[in-house]
Amino acid sequence: MSKFTSKPFCDDDTSASGKWLVPITLGDPEGIWRKLLDAAVNGELAAVKISSARLDAKLGHHLVCAYCETSQEKEVGETLAQLRKLGIRGDLRYKSDRATLHGRDEYLWHSTNWS
């Protein structure tokens, strides 16, 4: 399994760990969660987690977090490239774990930064 550890206690968002937010249709008919989980187990992604049933009900879809060790542009871009290689399409947003810790709904990156 992954040796990933979240690092939200940093001086700035780009030094903190973070995650791409990947929405998935309820029931996951395309098997996206399995692809992402397998990629994490195989070391192609740092770590992944899927939303709880409670959050699913609130959002109307599953939400998978695909993590990065840091929120620096190079690593975030490489992780997005891996997600694309795994078949993840559409606009995605990236949030630092520091922003999550502080309760901020601010996104550090958007997938359009890497068009």
# chains A, B, ... in the order shown; residues from 1 in each chain; ligands from 1
>>> select_by_dssp(residues="chain A", states="strand (DSSP E or B)", output="list in words")
Gly18, Lys19, Trp20, Leu21, Val22, Pro23, Ile24, Val48, Lys49, Ile50, His62, Leu63, Val64, Cys65, Ala66, Tyr67, Cys68, Arg93, Tyr94, Lys95, Ser96, Trp109 and His110 of chain A
>>> write_last_selection(atoms="N, CA, C and O atoms", output="short mmCIF file (atom, residue, chain, number, x, y, z; two decimals), in the first residue's frame")
data_model
loop_
_atom_site.label_atom_id
_atom_site.label_comp_id
_atom_site.auth_asym_id
_atom_site.auth_seq_id
_atom_site.Cartn_x
_atom_site.Cartn_y
_atom_site.Cartn_z
N GLY A 18 -1.64 17.74 -1.33
CA GLY A 18 -2.92 18.15 -1.86
C GLY A 18 -3.50 17.06 -2.74
O GLY A 18 -2.96 15.96 -2.82
N LYS A 19 -4.62 17.41 -3.40
CA LYS A 19 -5.30 16.37 -4.18
C LYS A 19 -6.08 16.95 -5.34
O LYS A 19 -6.63 18.05 -5.26
N TRP A 20 -6.09 16.17 -6.43
CA TRP A 20 -7.00 16.42 -7.53
C TRP A 20 -8.34 15.85 -7.13
O TRP A 20 -8.42 14.74 -6.59
N LEU A 21 -9.41 16.60 -7.35
CA LEU A 21 -10.77 16.17 -7.02
C LEU A 21 -11.42 15.61 -8.28
O LEU A 21 -11.63 16.33 -9.25
N VAL A 22 -11.69 14.32 -8.26
CA VAL A 22 -12.19 13.61 -9.44
C VAL A 22 -13.62 13.16 -9.17
O VAL A 22 -13.85 12.22 -8.40
N PRO A 23 -14.62 13.83 -9.79
CA PRO A 23 -16.01 13.40 -9.61
C PRO A 23 -16.30 12.15 -10.44
O PRO A 23 -15.80 12.00 -11.56
N ILE A 24 -17.06 11.23 -9.86
CA ILE A 24 -17.41 9.98 -10.53
C ILE A 24 -18.92 9.76 -10.36
O ILE A 24 -19.46 9.93 -9.27
N VAL A 48 -5.00 7.46 -3.09
CA VAL A 48 -6.36 7.85 -3.49
C VAL A 48 -7.31 7.51 -2.35
O VAL A 48 -7.04 6.61 -1.55
N LYS A 49 -8.42 8.23 -2.29
CA LYS A 49 -9.50 7.84 -1.40
C LYS A 49 -10.81 8.28 -2.04
O LYS A 49 -10.84 9.23 -2.83
N ILE A 50 -11.87 7.55 -1.72
CA ILE A 50 -13.18 7.85 -2.28
C ILE A 50 -14.08 8.40 -1.18
O ILE A 50 -13.92 8.05 0.00
N HIS A 62 -19.90 10.42 -6.52
CA HIS A 62 -18.72 10.07 -5.73
C HIS A 62 -17.66 11.14 -5.98
O HIS A 62 -17.66 11.79 -7.02
N LEU A 63 -16.74 11.28 -5.04
CA LEU A 63 -15.61 12.18 -5.23
C LEU A 63 -14.36 11.43 -4.81
O LEU A 63 -14.24 10.98 -3.67
N VAL A 64 -13.44 11.27 -5.75
CA VAL A 64 -12.17 10.62 -5.46
C VAL A 64 -11.10 11.69 -5.33
O VAL A 64 -11.04 12.61 -6.15
N CYS A 65 -10.28 11.58 -4.30
CA CYS A 65 -9.13 12.46 -4.13
C CYS A 65 -7.91 11.69 -4.60
O CYS A 65 -7.63 10.59 -4.10
N ALA A 66 -7.19 12.25 -5.57
CA ALA A 66 -5.94 11.66 -6.06
C ALA A 66 -4.82 12.57 -5.55
O ALA A 66 -4.69 13.71 -5.99
N TYR A 67 -4.04 12.08 -4.61
CA TYR A 67 -3.11 12.90 -3.83
C TYR A 67 -1.75 13.11 -4.48
O TYR A 67 -1.27 12.29 -5.25
N CYS A 68 -1.15 14.23 -4.08
CA CYS A 68 0.23 14.60 -4.43
C CYS A 68 0.99 14.86 -3.14
O CYS A 68 0.42 15.42 -2.18
N ARG A 93 -10.35 20.10 -10.47
CA ARG A 93 -9.78 21.12 -9.59
C ARG A 93 -8.84 20.46 -8.60
O ARG A 93 -9.03 19.30 -8.24
N TYR A 94 -7.87 21.25 -8.15
CA TYR A 94 -6.86 20.77 -7.22
C TYR A 94 -6.88 21.64 -5.97
O TYR A 94 -6.89 22.87 -6.06
N LYS A 95 -6.89 21.01 -4.82
CA LYS A 95 -6.94 21.73 -3.55
C LYS A 95 -5.81 21.25 -2.65
O LYS A 95 -5.57 20.04 -2.53
N SER A 96 -5.14 22.19 -1.99
CA SER A 96 -4.08 21.80 -1.06
C SER A 96 -4.71 21.29 0.24
O SER A 96 -5.81 21.69 0.62
N TRP A 109 -5.08 24.88 -8.16
CA TRP A 109 -4.85 24.61 -9.58
C TRP A 109 -6.16 24.18 -10.24
O TRP A 109 -7.06 23.67 -9.57
N HIS A 110 -6.22 24.34 -11.52
CA HIS A 110 -7.34 23.88 -12.33
C HIS A 110 -6.72 23.14 -13.51
O HIS A 110 -5.66 23.51 -14.00
#
>>> residues_around(residues="Thr79 of chain A", least_positions_apart="4", cutoff="7 Å", atoms="only C-alpha atoms", output="ChimeraX atom specification")
/A:45,75,83
>>> atom_distance(atom1="atom CA of Thr100 of chain A", atom2="atom CA of Lys35 of chain A")
25.2 Å
>>> closest_atom_pairs(of="segment 22-100 of chain A", to="segment 1-10 of chain A", cutoff="6 Å", atoms="only C-alpha atoms", output="JSON lines")
{"residue": "A:Val41", "atom": "CA", "partner": "A:Met1", "partner_atom": "CA", "distance": 5.5}
{"residue": "A:Asp97", "atom": "CA", "partner": "A:Pro8", "partner_atom": "CA", "distance": 4.8}
{"residue": "A:Arg98", "atom": "CA", "partner": "A:Pro8", "partner_atom": "CA", "distance": 4.2}
>>> closest_residue(among="A:Asp28, A:Asp91, A:Glu73, A:Asp105", to="Asp56 of chain A", atoms="only C-alpha atoms")
A:Asp28
>>> atom_distance(atom1="atom CA of Thr14 of chain A", atom2="atom CA of Gly77 of chain A")
12.7 Å
>>> select_by_dssp(residues="segment 26-88 of chain A", states="helix (DSSP H, G or I)", output="MDAnalysis selection string")
chainID A and resid 32:41 53:59 73:85
>>> write_last_selection(atoms="N, CA and C atoms", output="short mmCIF file (atom, residue, chain, number, x, y, z; two decimals), in the first residue's frame")
data_model
loop_
_atom_site.label_atom_id
_atom_site.label_comp_id
_atom_site.auth_asym_id
_atom_site.auth_seq_id
_atom_site.Cartn_x
_atom_site.Cartn_y
_atom_site.Cartn_z
N ILE A 32 -14.01 3.67 -12.77
CA ILE A 32 -12.92 4.63 -12.58
C ILE A 32 -12.24 4.44 -11.23
N TRP A 33 -13.04 4.23 -10.17
CA TRP A 33 -12.45 4.05 -8.84
C TRP A 33 -11.45 2.90 -8.84
N ARG A 34 -11.80 1.80 -9.45
CA ARG A 34 -10.91 0.64 -9.49
C ARG A 34 -9.60 0.98 -10.21
N LYS A 35 -9.70 1.70 -11.33
CA LYS A 35 -8.49 2.12 -12.07
C LYS A 35 -7.58 2.97 -11.19
N LEU A 36 -8.18 3.93 -10.48
CA LEU A 36 -7.39 4.82 -9.64
C LEU A 36 -6.79 4.07 -8.45
N LEU A 37 -7.58 3.20 -7.85
CA LEU A 37 -7.08 2.40 -6.73
C LEU A 37 -5.92 1.52 -7.18
N ASP A 38 -6.07 0.84 -8.31
CA ASP A 38 -5.00 0.00 -8.84
C ASP A 38 -3.74 0.82 -9.12
N ALA A 39 -3.92 2.03 -9.66
CA ALA A 39 -2.77 2.89 -9.95
C ALA A 39 -2.04 3.28 -8.67
N ALA A 40 -2.77 3.53 -7.60
CA ALA A 40 -2.14 3.86 -6.32
C ALA A 40 -1.40 2.65 -5.76
N VAL A 41 -2.02 1.49 -5.82
CA VAL A 41 -1.38 0.26 -5.34
C VAL A 41 -0.11 -0.03 -6.13
N ALA A 53 -20.40 7.60 1.83
CA ALA A 53 -21.78 7.56 1.35
C ALA A 53 -22.53 8.84 1.72
N ARG A 54 -22.21 9.39 2.87
CA ARG A 54 -22.86 10.64 3.32
C ARG A 54 -22.53 11.80 2.39
N LEU A 55 -21.25 11.93 2.02
CA LEU A 55 -20.85 12.99 1.10
C LEU A 55 -21.41 12.73 -0.30
N ASP A 56 -21.42 11.46 -0.71
CA ASP A 56 -22.00 11.10 -2.01
C ASP A 56 -23.44 11.61 -2.12
N ALA A 57 -24.21 11.38 -1.07
CA ALA A 57 -25.62 11.81 -1.06
C ALA A 57 -25.73 13.33 -1.15
N LYS A 58 -24.84 14.01 -0.48
CA LYS A 58 -24.85 15.49 -0.50
C LYS A 58 -24.46 16.02 -1.88
N LEU A 59 -23.43 15.42 -2.49
CA LEU A 59 -22.90 15.90 -3.77
C LEU A 59 -23.70 15.39 -4.97
N GLU A 73 3.82 22.95 -8.79
CA GLU A 73 3.33 22.83 -10.16
C GLU A 73 3.81 21.57 -10.87
N LYS A 74 5.08 21.24 -10.77
CA LYS A 74 5.63 20.08 -11.48
C LYS A 74 4.95 18.79 -11.05
N GLU A 75 4.86 18.57 -9.75
CA GLU A 75 4.25 17.33 -9.25
C GLU A 75 2.76 17.27 -9.53
N VAL A 76 2.08 18.39 -9.37
CA VAL A 76 0.65 18.45 -9.64
C VAL A 76 0.39 18.15 -11.12
N GLY A 77 1.21 18.72 -12.00
CA GLY A 77 1.07 18.48 -13.43
C GLY A 77 1.34 17.04 -13.81
N GLU A 78 2.35 16.43 -13.19
CA GLU A 78 2.67 15.03 -13.46
C GLU A 78 1.53 14.12 -13.02
N THR A 79 0.93 14.43 -11.87
CA THR A 79 -0.20 13.63 -11.39
C THR A 79 -1.40 13.78 -12.31
N LEU A 80 -1.66 15.00 -12.77
CA LEU A 80 -2.75 15.21 -13.73
C LEU A 80 -2.48 14.40 -15.00
N ALA A 81 -1.25 14.41 -15.48
CA ALA A 81 -0.91 13.64 -16.68
C ALA A 81 -1.18 12.15 -16.46
N GLN A 82 -0.88 11.65 -15.27
CA GLN A 82 -1.15 10.24 -14.96
C GLN A 82 -2.66 9.98 -14.93
N LEU A 83 -3.42 10.91 -14.36
CA LEU A 83 -4.88 10.76 -14.35
C LEU A 83 -5.43 10.71 -15.78
N ARG A 84 -4.91 11.57 -16.63
CA ARG A 84 -5.36 11.59 -18.03
C ARG A 84 -5.00 10.27 -18.71
N LYS A 85 -3.82 9.75 -18.42
CA LYS A 85 -3.37 8.48 -18.99
C LYS A 85 -4.29 7.33 -18.55
#
>>> atom_distance(atom1="atom CA of Leu101 of chain A", atom2="atom CA of Gly43 of chain A")
25.7 Å
>>> closest_residue(among="A:Tyr107, A:Ala46, A:Glu69, A:Leu92", to="Ser17 of chain A", atoms="only C-alpha atoms")
A:Glu69
>>> decode(residues="segment 74-89 of chain A", atoms="N, CA, C and O atoms", output="short mmCIF file (atom, residue, chain, number, x, y, z; two decimals), in the first residue's frame")
data_model
loop_
_atom_site.label_atom_id
_atom_site.label_comp_id
_atom_site.auth_asym_id
_atom_site.auth_seq_id
_atom_site.Cartn_x
_atom_site.Cartn_y
_atom_site.Cartn_z
N LYS A 74 5.08 21.24 -10.77
CA LYS A 74 5.63 20.08 -11.48
C LYS A 74 4.95 18.79 -11.05
O LYS A 74 4.48 18.01 -11.88
N GLU A 75 4.86 18.57 -9.75
CA GLU A 75 4.25 17.33 -9.25
C GLU A 75 2.76 17.27 -9.53
O GLU A 75 2.23 16.23 -9.93
N VAL A 76 2.08 18.39 -9.37
CA VAL A 76 0.65 18.45 -9.64
C VAL A 76 0.39 18.15 -11.12
O VAL A 76 -0.52 17.39 -11.46
N GLY A 77 1.21 18.72 -12.00
CA GLY A 77 1.07 18.48 -13.43
C GLY A 77 1.34 17.04 -13.81
O GLY A 77 0.66 16.45 -14.66
N GLU A 78 2.35 16.43 -13.19
CA GLU A 78 2.67 15.03 -13.46
C GLU A 78 1.53 14.12 -13.02
O GLU A 78 1.19 13.15 -13.71
N THR A 79 0.93 14.43 -11.87
CA THR A 79 -0.20 13.63 -11.39
C THR A 79 -1.40 13.78 -12.31
O THR A 79 -2.07 12.80 -12.63
N LEU A 80 -1.66 15.00 -12.77
CA LEU A 80 -2.75 15.21 -13.73
C LEU A 80 -2.48 14.40 -15.00
O LEU A 80 -3.40 13.76 -15.54
N ALA A 81 -1.25 14.41 -15.48
CA ALA A 81 -0.91 13.64 -16.68
C ALA A 81 -1.18 12.15 -16.46
O ALA A 81 -1.69 11.47 -17.35
N GLN A 82 -0.88 11.65 -15.27
CA GLN A 82 -1.15 10.24 -14.96
C GLN A 82 -2.66 9.98 -14.93
O GLN A 82 -3.13 8.96 -15.44
N LEU A 83 -3.42 10.91 -14.36
CA LEU A 83 -4.88 10.76 -14.35
C LEU A 83 -5.43 10.71 -15.78
O LEU A 83 -6.29 9.88 -16.09
N ARG A 84 -4.91 11.57 -16.63
CA ARG A 84 -5.36 11.59 -18.03
C ARG A 84 -5.00 10.27 -18.71
O ARG A 84 -5.79 9.71 -19.47
N LYS A 85 -3.82 9.75 -18.42
CA LYS A 85 -3.37 8.48 -18.99
C LYS A 85 -4.29 7.33 -18.55
O LYS A 85 -4.51 6.38 -19.29
N LEU A 86 -4.87 7.47 -17.35
CA LEU A 86 -5.79 6.46 -16.83
C LEU A 86 -7.21 6.65 -17.34
O LEU A 86 -8.11 5.88 -16.98
N GLY A 87 -7.42 7.67 -18.17
CA GLY A 87 -8.73 7.87 -18.78
C GLY A 87 -9.62 8.90 -18.11
O GLY A 87 -10.78 9.03 -18.47
N ILE A 88 -9.09 9.64 -17.14
CA ILE A 88 -9.89 10.66 -16.46
C ILE A 88 -9.97 11.88 -17.38
O ILE A 88 -8.96 12.42 -17.79
N ARG A 89 -11.18 12.29 -17.69
CA ARG A 89 -11.41 13.42 -18.59
C ARG A 89 -12.18 14.53 -17.87
O ARG A 89 -12.63 14.34 -16.75
#
